[in-house]
$ cat target-v2.txt   # compact mmCIF, C-alpha atoms and all ligand atoms
# COMPACT_ATOMS: atom_id res chain seq x y z
CA MET A 13 0.00 0.00 0.00
CA LYS A 14 1.45 3.32 -1.11
CA ILE A 15 0.72 6.64 0.53
CA ARG A 16 1.43 10.00 -1.03
CA VAL A 17 3.16 12.30 1.43
CA GLU A 18 0.91 15.20 0.46
CA ASP A 19 -2.10 13.12 1.58
CA ILE A 20 -0.78 12.76 5.13
CA PRO A 21 -2.57 15.35 7.26
CA LYS A 22 -0.60 17.52 9.67
CA GLU A 23 -1.97 15.67 12.70
CA GLY A 24 -0.96 12.34 11.21
CA MET A 25 -3.14 9.48 10.07
CA HIS A 26 -4.20 6.07 11.31
CA LEU A 27 -4.45 3.28 8.81
CA ASN A 28 -5.62 -0.30 9.11
CA PHE A 29 -5.12 -2.84 6.36
CA ARG A 30 -4.74 -6.56 5.84
CA TRP A 31 -1.86 -8.42 4.35
CA GLU A 32 -2.74 -11.55 2.41
CA GLN A 33 -0.69 -14.06 0.47
CA GLU A 34 -0.47 -11.88 -2.64
CA SER A 35 0.92 -9.04 -0.52
CA ILE A 36 3.92 -11.08 0.53
CA GLU A 37 4.62 -12.76 -2.83
CA PRO A 38 6.64 -9.84 -4.31
CA PHE A 39 9.03 -10.08 -1.34
CA LEU A 40 9.72 -13.80 -1.64
CA THR A 41 12.42 -15.15 -3.89
CA PRO A 42 10.89 -17.37 -6.57
CA ASN A 43 11.43 -21.07 -5.80
CA ASP A 44 12.66 -20.21 -2.35
CA PRO A 45 12.68 -23.36 -0.20
CA TYR A 46 11.46 -21.10 2.56
CA GLN A 47 7.95 -21.26 1.07
CA MET A 48 6.43 -18.84 3.48
CA GLN A 49 2.66 -18.65 3.38
CA ILE A 50 0.20 -16.39 5.11
CA GLN A 51 -2.22 -18.57 7.02
CA GLU A 52 -4.23 -15.97 8.83
CA PRO A 53 -4.14 -12.55 7.08
CA LEU A 54 -1.93 -10.12 8.91
CA GLU A 55 -3.80 -7.27 10.49
CA VAL A 56 -1.67 -4.18 10.18
CA ALA A 57 -2.37 -0.96 12.07
CA VAL A 58 -0.11 2.03 11.58
CA PHE A 59 0.09 5.66 12.50
CA ILE A 60 1.88 7.83 9.98
CA LYS A 61 3.11 11.29 10.86
CA LYS A 62 5.22 13.88 9.15
CA VAL A 63 8.00 15.18 11.36
CA GLY A 64 9.80 17.96 9.55
CA ASP A 65 10.53 16.51 6.14
CA TYR A 66 10.74 12.92 7.25
CA ILE A 67 8.01 10.41 8.05
CA HIS A 68 7.56 8.48 11.27
CA VAL A 69 5.63 5.23 11.04
CA THR A 70 4.60 3.35 14.17
CA GLY A 71 2.20 0.48 14.58
CA GLU A 72 1.86 -3.23 14.90
CA LEU A 73 1.03 -6.31 12.93
CA HIS A 74 -0.58 -9.58 13.95
CA GLY A 75 -1.22 -12.74 12.02
CA GLU A 76 -0.05 -16.27 11.32
CA LEU A 77 2.47 -17.49 8.81
CA VAL A 78 3.16 -21.01 7.69
CA VAL A 79 6.88 -21.74 7.47
CA PRO A 80 8.97 -24.92 7.18
CA CYS A 81 10.84 -26.17 10.24
CA HIS A 82 14.60 -25.93 9.63
CA ARG A 83 15.13 -29.33 11.23
CA CYS A 84 12.29 -31.58 10.07
CA LEU A 85 11.07 -29.48 7.11
CA GLU A 86 7.46 -29.85 8.19
CA ALA A 87 5.36 -26.73 7.73
CA PHE A 88 4.15 -25.22 10.94
CA ILE A 89 2.27 -22.13 12.05
CA PHE A 90 4.38 -19.27 13.26
CA PRO A 91 2.41 -16.52 15.04
CA MET A 92 3.67 -13.14 13.90
CA ASN A 93 3.21 -10.29 16.31
CA ALA A 94 5.47 -7.33 15.78
CA PHE A 95 5.78 -3.67 16.48
CA ILE A 96 6.58 -1.23 13.73
CA GLU A 97 8.80 1.78 14.31
CA THR A 98 10.38 3.25 11.23
CA PHE A 99 11.71 6.59 10.12
CA LEU A 100 11.60 7.33 6.42
CA TYR A 101 13.97 9.98 5.17
CA PRO A 102 13.74 11.93 1.92
CA PRO A 103 16.62 11.59 -0.55
CA ARG A 104 18.50 14.64 0.71
CA TYR A 105 19.52 12.63 3.77
CA LEU A 106 21.13 9.94 1.63
CA GLY A 107 24.78 9.67 2.48
CA SER A 108 24.50 11.77 5.60
CA SER A 109 25.73 10.26 8.82
CA LYS A 110 23.57 9.14 11.70
CA GLU A 111 24.68 12.12 13.78
CA GLU A 112 23.38 14.58 11.23
CA VAL A 113 20.02 12.85 11.13
CA GLU A 114 19.90 13.09 14.92
CA LEU A 115 18.40 9.75 15.79
CA ASP A 116 17.50 9.52 19.42
CA GLU A 117 17.08 5.76 19.48
CA GLU A 118 19.58 3.51 17.80
CA ASP A 119 17.32 0.53 17.28
CA MET A 120 14.78 2.38 15.17
CA GLU A 121 14.52 1.38 11.57
CA GLN A 122 15.78 3.89 9.03
CA GLU A 123 14.58 3.88 5.49
CA PHE A 124 14.62 6.28 2.61
CA PHE A 125 11.80 7.25 0.33
CA ASP A 126 11.64 9.32 -2.82
CA GLY A 127 10.20 12.30 -0.97
CA GLU A 128 6.75 11.90 -2.52
CA GLU A 129 5.45 8.46 -1.74
CA ILE A 130 6.00 5.87 0.97
CA ASP A 131 5.42 2.15 0.50
CA LEU A 132 3.95 0.55 3.60
CA ASP A 133 4.28 -2.94 2.12
CA VAL A 134 8.05 -2.66 2.23
CA ILE A 135 7.87 -1.72 5.91
CA VAL A 136 5.57 -4.65 6.70
CA ALA A 137 7.76 -7.11 4.78
CA GLU A 138 10.92 -5.96 6.55
CA GLU A 139 9.23 -6.21 9.91
CA ILE A 140 8.20 -9.80 9.17
CA PHE A 141 11.70 -10.85 8.14
CA LEU A 142 13.28 -9.08 11.10
CA ASN A 143 10.99 -10.90 13.49
CA PHE A 144 11.93 -14.41 12.45
CA PRO A 145 14.40 -16.14 14.72
CA PRO A 146 17.60 -17.27 12.93
CA VAL A 147 16.46 -20.88 13.17
CA LEU A 148 12.79 -21.73 12.78
CA LEU A 149 11.78 -24.82 14.71
CA CYS A 150 8.35 -26.45 14.85
CA SER A 151 9.08 -27.11 18.51
CA PRO A 152 12.19 -26.49 20.63
CA ASP A 153 12.78 -30.25 20.90
CA CYS A 154 12.11 -31.14 17.28
CA LYS A 155 14.00 -34.36 16.54
CA GLY A 156 14.53 -33.55 12.87
CA LEU A 157 15.08 -36.03 10.07
CA CYS A 158 17.05 -39.28 10.22
CA PRO A 159 20.26 -38.59 8.27
CA LYS A 160 20.17 -42.17 6.93
CA CYS A 161 16.60 -42.86 5.86
CA GLY A 162 15.19 -39.35 5.95
CA SER A 163 12.16 -40.21 8.05
CA ASN A 164 10.72 -37.55 10.29
CA LEU A 165 11.79 -38.67 13.76
CA ASN A 166 8.99 -36.71 15.41
CA THR A 167 6.29 -38.76 13.75
CA SER A 168 7.95 -41.92 12.44
CA PRO A 169 10.96 -43.06 14.46
CA CYS A 170 13.13 -45.47 12.46
CA ASN A 171 15.53 -48.23 13.46
CA CYS A 172 18.62 -46.82 11.81
CA LYS A 173 21.73 -46.78 13.96
CA ARG A 174 22.90 -43.25 14.41
CA GLU A 175 26.23 -42.05 15.68
CA GLY A 176 24.87 -38.63 16.41
CA ASP A 177 22.35 -39.79 18.98
CA SER A 178 23.87 -37.54 21.60
CA PRO A 179 25.84 -34.36 21.18
CA PHE A 180 28.70 -36.12 23.00
CA ALA A 181 28.95 -38.75 20.29
CA VAL A 182 29.62 -35.99 17.76
CA LEU A 183 32.19 -34.49 20.08
CA ALA A 184 33.90 -37.84 20.61
CA ARG A 185 34.17 -38.38 16.87
CA TRP A 186 35.63 -34.96 16.39
CA LYS A 187 38.21 -35.55 19.12
CA THR A 188 39.52 -38.75 17.59
CA LYS A 189 40.20 -37.04 14.26
ZN ZN A 201 10.58 -29.69 13.20
ZN ZN A 202 16.38 -43.73 9.71
$ encode --input "target-v2.txt" --output "structure tokens"
Amino acid sequence: MKIRVEDIPKEGMHLNFRWEQESIEPFLTPNDPYQMQIQEPLEVAVFIKKVGDYIHVTGELHGELVVPCHRCLEAFIFPMNAFIETFLYPPRYLGSSKEEVELDEEDMEQEFFDGEEIDLDVIVAEEIFLNFPPVLLCSPDCKGLCPKCGSNLNTSPCNCKREGDSPFAVLARWKTK
């Protein structure tokens, strides 16, 4: 969703919109094994305000995504609840240092826009990606796949002998090298 800066009233504006599967598609790499899907449309609520010549966007988003577990590859539902806090700077700030922009909080997002139009979809997409943990697990004790037969050890335990049954076994092997 794009907003023209001239349409933002002086007192700021509240905006509510939904993010469905087709909203996220442009941000996914084609054929990405990640295969992220929106299960429950994301409800996005933002407040947009002009501060000087830059734009401050705050808000939150809530919804459910379906993502594959990094260990067992099974798709699972990942609840997405995130806060949005972004500053959008017009092009004249490009190349200027943080000090010149006078940011009071370091962890705020900084973006640039063309000075005329801001794209809220980009902000939502970035917030989603930022809020994923580095490793997505269907459960903290997911057993993953058997390295020999590939069966999902959470649902179909196999009889393969595995050296890596305990983390110490891996360590022992490494030590003897
Ligand atoms: Zn898993
Ligand atoms: Zn097996």
$ closest_atom_pairs --input "target-v2.txt" --of "chain A" --to "ligand ZN 202 (chain A)" --cutoff "8 Å" --atoms "all atoms listed in the file" --output "Markdown table"
| residue | atom | partner | partner_atom | distance |
| --- | --- | --- | --- | --- |
| A:Leu157 | CA | A:ZN202 | ZN | 7.8 |
| A:Cys158 | CA | A:ZN202 | ZN | 4.5 |
| A:Pro159 | CA | A:ZN202 | ZN | 6.6 |
| A:Lys160 | CA | A:ZN202 | ZN | 5.0 |
| A:Cys161 | CA | A:ZN202 | ZN | 4.0 |
| A:Gly162 | CA | A:ZN202 | ZN | 5.9 |
| A:Ser163 | CA | A:ZN202 | ZN | 5.7 |
| A:Leu165 | CA | A:ZN202 | ZN | 7.9 |
| A:Pro169 | CA | A:ZN202 | ZN | 7.2 |
| A:Cys170 | CA | A:ZN202 | ZN | 4.6 |
| A:Asn171 | CA | A:ZN202 | ZN | 5.9 |
| A:Cys172 | CA | A:ZN202 | ZN | 4.4 |
| A:Lys173 | CA | A:ZN202 | ZN | 7.5 |
$ atom_distance --input "target-v2.txt" --atom1 "CA of Gln51 (chain A)" --atom2 "CA of Ile130 (chain A)"
26.5 Å
$ closest_atom_pairs --input "target-v2.txt" --of "chain A" --to "ligand ZN 201 (chain A)" --cutoff "12 Å" --atoms "only C-alpha atoms and all ligand atoms" --output "JSON lines"
{"residue": "A:Val79", "atom": "CA", "partner": "A:ZN201", "partner_atom": "ZN", "distance": 10.5}
{"residue": "A:Pro80", "atom": "CA", "partner": "A:ZN201", "partner_atom": "ZN", "distance": 7.8}
{"residue": "A:Cys81", "atom": "CA", "partner": "A:ZN201", "partner_atom": "ZN", "distance": 4.6}
{"residue": "A:His82", "atom": "CA", "partner": "A:ZN201", "partner_atom": "ZN", "distance": 6.6}
{"residue": "A:Arg83", "atom": "CA", "partner": "A:ZN201", "partner_atom": "ZN", "distance": 5.0}
{"residue": "A:Cys84", "atom": "CA", "partner": "A:ZN201", "partner_atom": "ZN", "distance": 4.0}
{"residue": "A:Leu85", "atom": "CA", "partner": "A:ZN201", "partner_atom": "ZN", "distance": 6.1}
{"residue": "A:Glu86", "atom": "CA", "partner": "A:ZN201", "partner_atom": "ZN", "distance": 5.9}
{"residue": "A:Ala87", "atom": "CA", "partner": "A:ZN201", "partner_atom": "ZN", "distance": 8.1}
{"residue": "A:Phe88", "atom": "CA", "partner": "A:ZN201", "partner_atom": "ZN", "distance": 8.2}
{"residue": "A:Ile89", "atom": "CA", "partner": "A:ZN201", "partner_atom": "ZN", "distance": 11.3}
{"residue": "A:Val147", "atom": "CA", "partner": "A:ZN201", "partner_atom": "ZN", "distance": 10.6}
{"residue": "A:Leu148", "atom": "CA", "partner": "A:ZN201", "partner_atom": "ZN", "distance": 8.3}
{"residue": "A:Leu149", "atom": "CA", "partner": "A:ZN201", "partner_atom": "ZN", "distance": 5.2}
{"residue": "A:Cys150", "atom": "CA", "partner": "A:ZN201", "partner_atom": "ZN", "distance": 4.3}
{"residue": "A:Ser151", "atom": "CA", "partner": "A:ZN201", "partner_atom": "ZN", "distance": 6.1}
{"residue": "A:Pro152", "atom": "CA", "partner": "A:ZN201", "partner_atom": "ZN", "distance": 8.2}
{"residue": "A:Asp153", "atom": "CA", "partner": "A:ZN201", "partner_atom": "ZN", "distance": 8.0}
{"residue": "A:Cys154", "atom": "CA", "partner": "A:ZN201", "partner_atom": "ZN", "distance": 4.6}
{"residue": "A:Lys155", "atom": "CA", "partner": "A:ZN201", "partner_atom": "ZN", "distance": 6.7}
{"residue": "A:Gly156", "atom": "CA", "partner": "A:ZN201", "partner_atom": "ZN", "distance": 5.5}
{"residue": "A:Leu157", "atom": "CA", "partner": "A:ZN201", "partner_atom": "ZN", "distance": 8.4}
{"residue": "A:Cys158", "atom": "CA", "partner": "A:ZN201", "partner_atom": "ZN", "distance": 11.9}
{"residue": "A:Ser163", "atom": "CA", "partner": "A:ZN201", "partner_atom": "ZN", "distance": 11.8}
{"residue": "A:Asn164", "atom": "CA", "partner": "A:ZN201", "partner_atom": "ZN", "distance": 8.4}
{"residue": "A:Leu165", "atom": "CA", "partner": "A:ZN201", "partner_atom": "ZN", "distance": 9.1}
{"residue": "A:Asn166", "atom": "CA", "partner": "A:ZN201", "partner_atom": "ZN", "distance": 7.5}
{"residue": "A:Thr167", "atom": "CA", "partner": "A:ZN201", "partner_atom": "ZN", "distance": 10.0}
$ write_last_selection --input "target-v2.txt" --atoms "C-alpha atoms" --output "PDB file, in the coordinates of the input"
ATOM      1  CA  VAL A  79       6.880 -21.740   7.470  1.00  0.00           C
ATOM      2  CA  PRO A  80       8.970 -24.920   7.180  1.00  0.00           C
ATOM      3  CA  CYS A  81      10.840 -26.170  10.240  1.00  0.00           C
ATOM      4  CA  HIS A  82      14.600 -25.930   9.630  1.00  0.00           C
ATOM      5  CA  ARG A  83      15.130 -29.330  11.230  1.00  0.00           C
ATOM      6  CA  CYS A  84      12.290 -31.580  10.070  1.00  0.00           C
ATOM      7  CA  LEU A  85      11.070 -29.480   7.110  1.00  0.00           C
ATOM      8  CA  GLU A  86       7.460 -29.850   8.190  1.00  0.00           C
ATOM      9  CA  ALA A  87       5.360 -26.730   7.730  1.00  0.00           C
ATOM     10  CA  PHE A  88       4.150 -25.220  10.940  1.00  0.00           C
ATOM     11  CA  ILE A  89       2.270 -22.130  12.050  1.00  0.00           C
ATOM     12  CA  VAL A 147      16.460 -20.880  13.170  1.00  0.00           C
ATOM     13  CA  LEU A 148      12.790 -21.730  12.780  1.00  0.00           C
ATOM     14  CA  LEU A 149      11.780 -24.820  14.710  1.00  0.00           C
ATOM     15  CA  CYS A 150       8.350 -26.450  14.850  1.00  0.00           C
ATOM     16  CA  SER A 151       9.080 -27.110  18.510  1.00  0.00           C
ATOM     17  CA  PRO A 152      12.190 -26.490  20.630  1.00  0.00           C
ATOM     18  CA  ASP A 153      12.780 -30.250  20.900  1.00  0.00           C
ATOM     19  CA  CYS A 154      12.110 -31.140  17.280  1.00  0.00           C
ATOM     20  CA  LYS A 155      14.000 -34.360  16.540  1.00  0.00           C
ATOM     21  CA  GLY A 156      14.530 -33.550  12.870  1.00  0.00           C
ATOM     22  CA  LEU A 157      15.080 -36.030  10.070  1.00  0.00           C
ATOM     23  CA  CYS A 158      17.050 -39.280  10.220  1.00  0.00           C
ATOM     24  CA  SER A 163      12.160 -40.210   8.050  1.00  0.00           C
ATOM     25  CA  ASN A 164      10.720 -37.550  10.290  1.00  0.00           C
ATOM     26  CA  LEU A 165      11.790 -38.670  13.760  1.00  0.00           C
ATOM     27  CA  ASN A 166       8.990 -36.710  15.410  1.00  0.00           C
ATOM     28  CA  THR A 167       6.290 -38.760  13.750  1.00  0.00           C
TER      29      THR A 167
END
$ closest_residue --input "target-v2.txt" --among "A:Leu77, A:Leu40, A:Met92, A:Val17" --to "Lys62 (chain A)" --atoms "only C-alpha atoms"
A:Val17
$ closest_residue --input "target-v2.txt" --among "A:Glu34, A:Glu121, A:Glu139, A:Glu97" --to "Ile60 (chain A)" --atoms "all atoms listed in the file"
A:Glu97
$ residues_near_point --input "target-v2.txt" --point "(6.6, -17.9, 2.4)" --cutoff "8 Å" --atoms "all atoms listed in the file" --output "number ranges by chain"
A: 36-37, 40, 46-50, 77-79
$ residues_near_point --input "target-v2.txt" --point "(0.9, -4.6, 14.4)" --cutoff "7 Å" --atoms "all atoms listed in the file" --output "VMD selection string"
chain A and resid 55 to 57 71 to 74 93 to 96
$ closest_residue --input "target-v2.txt" --among "A:Gly64, A:Pro146, A:Gly127, A:Pro102" --to "Lys22 (chain A)" --atoms "all atoms listed in the file"
A:Gly64
$ atom_distance --input "target-v2.txt" --atom1 "CA of Lys14 (chain A)" --atom2 "CA of Phe141 (chain A)"
19.8 Å
$ closest_residue --input "target-v2.txt" --among "A:Asp65, A:Glu52, A:Glu138, A:Glu129" --to "Thr98 (chain A)" --atoms "all atoms listed in the file"
A:Glu138
$ residues_around --input "target-v2.txt" --residues "Phe99 (chain A)" --least-positions-apart "4" --cutoff "6 Å" --atoms "all atoms listed in the file" --output "compact mmCIF listing (two decimals) with C-alpha atoms, keeping the file's coordinate frame"
# COMPACT_ATOMS: atom_id res chain seq x y z
CA ILE A 67 8.01 10.41 8.05
CA HIS A 68 7.56 8.48 11.27
CA GLN A 122 15.78 3.89 9.03
$ atom_distance --input "target-v2.txt" --atom1 "CA of Ile140 (chain A)" --atom2 "CA of Phe29 (chain A)"
15.3 Å
$ closest_residue --input "target-v2.txt" --among "A:Glu76, A:Tyr66, A:Pro21, A:Pro91" --to "Arg104 (chain A)" --atoms "all atoms listed in the file"
A:Tyr66
$ closest_residue --input "target-v2.txt" --among "A:Val58, A:Ile20, A:Leu106, A:Leu100" --to "Val136 (chain A)" --atoms "all atoms listed in the file"
A:Val58
$ build_atoms --input "target-v2.txt" --residues "region 65-83 of chain A" --atoms "N, CA and C atoms" --output "mmCIF file, in the frame of the given file"
data_model
loop_
_atom_site.group_PDB
_atom_site.id
_atom_site.type_symbol
_atom_site.label_atom_id
_atom_site.label_comp_id
_atom_site.auth_asym_id
_atom_site.auth_seq_id
_atom_site.Cartn_x
_atom_site.Cartn_y
_atom_site.Cartn_z
ATOM 1 N N ASP A 65 10.702 17.051 7.485
ATOM 2 C CA ASP A 65 10.530 16.510 6.140
ATOM 3 C C ASP A 65 10.694 14.993 6.111
ATOM 4 N N TYR A 66 10.728 14.369 7.278
ATOM 5 C CA TYR A 66 10.740 12.920 7.250
ATOM 6 C C TYR A 66 9.450 12.352 7.838
ATOM 7 N N ILE A 67 9.274 11.052 7.687
ATOM 8 C CA ILE A 67 8.010 10.410 8.050
ATOM 9 C C ILE A 67 8.264 9.383 9.148
ATOM 10 N N HIS A 68 7.444 9.427 10.164
ATOM 11 C CA HIS A 68 7.560 8.480 11.270
ATOM 12 C C HIS A 68 6.380 7.516 11.184
ATOM 13 N N VAL A 69 6.679 6.244 11.118
ATOM 14 C CA VAL A 69 5.630 5.230 11.040
ATOM 15 C C VAL A 69 5.721 4.330 12.263
ATOM 16 N N THR A 70 4.645 4.266 13.036
ATOM 17 C CA THR A 70 4.600 3.350 14.170
ATOM 18 C C THR A 70 3.362 2.473 14.014
ATOM 19 N N GLY A 71 3.375 1.341 14.683
ATOM 20 C CA GLY A 71 2.200 0.480 14.580
ATOM 21 C C GLY A 71 2.510 -0.930 14.988
ATOM 22 N N GLU A 72 1.624 -1.827 14.614
ATOM 23 C CA GLU A 72 1.860 -3.230 14.900
ATOM 24 C C GLU A 72 1.185 -4.107 13.877
ATOM 25 N N LEU A 73 1.644 -5.351 13.848
ATOM 26 C CA LEU A 73 1.030 -6.310 12.930
ATOM 27 C C LEU A 73 0.853 -7.650 13.650
ATOM 28 N N HIS A 74 -0.249 -8.296 13.325
ATOM 29 C CA HIS A 74 -0.580 -9.580 13.950
ATOM 30 C C HIS A 74 -1.126 -10.514 12.890
ATOM 31 N N GLY A 75 -0.696 -11.751 12.954
ATOM 32 C CA GLY A 75 -1.220 -12.740 12.020
ATOM 33 C C GLY A 75 -0.513 -14.061 12.196
ATOM 34 N N GLU A 76 -0.715 -14.964 11.251
ATOM 35 C CA GLU A 76 -0.050 -16.270 11.320
ATOM 36 C C GLU A 76 0.551 -16.598 9.968
ATOM 37 N N LEU A 77 1.791 -17.073 10.025
ATOM 38 C CA LEU A 77 2.470 -17.490 8.810
ATOM 39 C C LEU A 77 2.726 -18.987 8.881
ATOM 40 N N VAL A 78 2.779 -19.602 7.731
ATOM 41 C CA VAL A 78 3.160 -21.010 7.690
ATOM 42 C C VAL A 78 4.568 -21.076 7.120
ATOM 43 N N VAL A 79 5.468 -21.669 7.879
ATOM 44 C CA VAL A 79 6.880 -21.740 7.470
ATOM 45 C C VAL A 79 7.385 -23.162 7.701
ATOM 46 N N PRO A 80 8.419 -23.580 6.965
ATOM 47 C CA PRO A 80 8.970 -24.920 7.180
ATOM 48 C C PRO A 80 9.945 -24.933 8.353
ATOM 49 N N CYS A 81 9.884 -25.986 9.142
ATOM 50 C CA CYS A 81 10.840 -26.170 10.240
ATOM 51 C C CYS A 81 12.222 -26.424 9.638
ATOM 52 N N HIS A 82 13.243 -25.769 10.170
ATOM 53 C CA HIS A 82 14.600 -25.930 9.630
ATOM 54 C C HIS A 82 15.173 -27.314 9.916
ATOM 55 N N ARG A 83 14.588 -28.030 10.880
ATOM 56 C CA ARG A 83 15.130 -29.330 11.230
ATOM 57 C C ARG A 83 14.382 -30.488 10.551
#
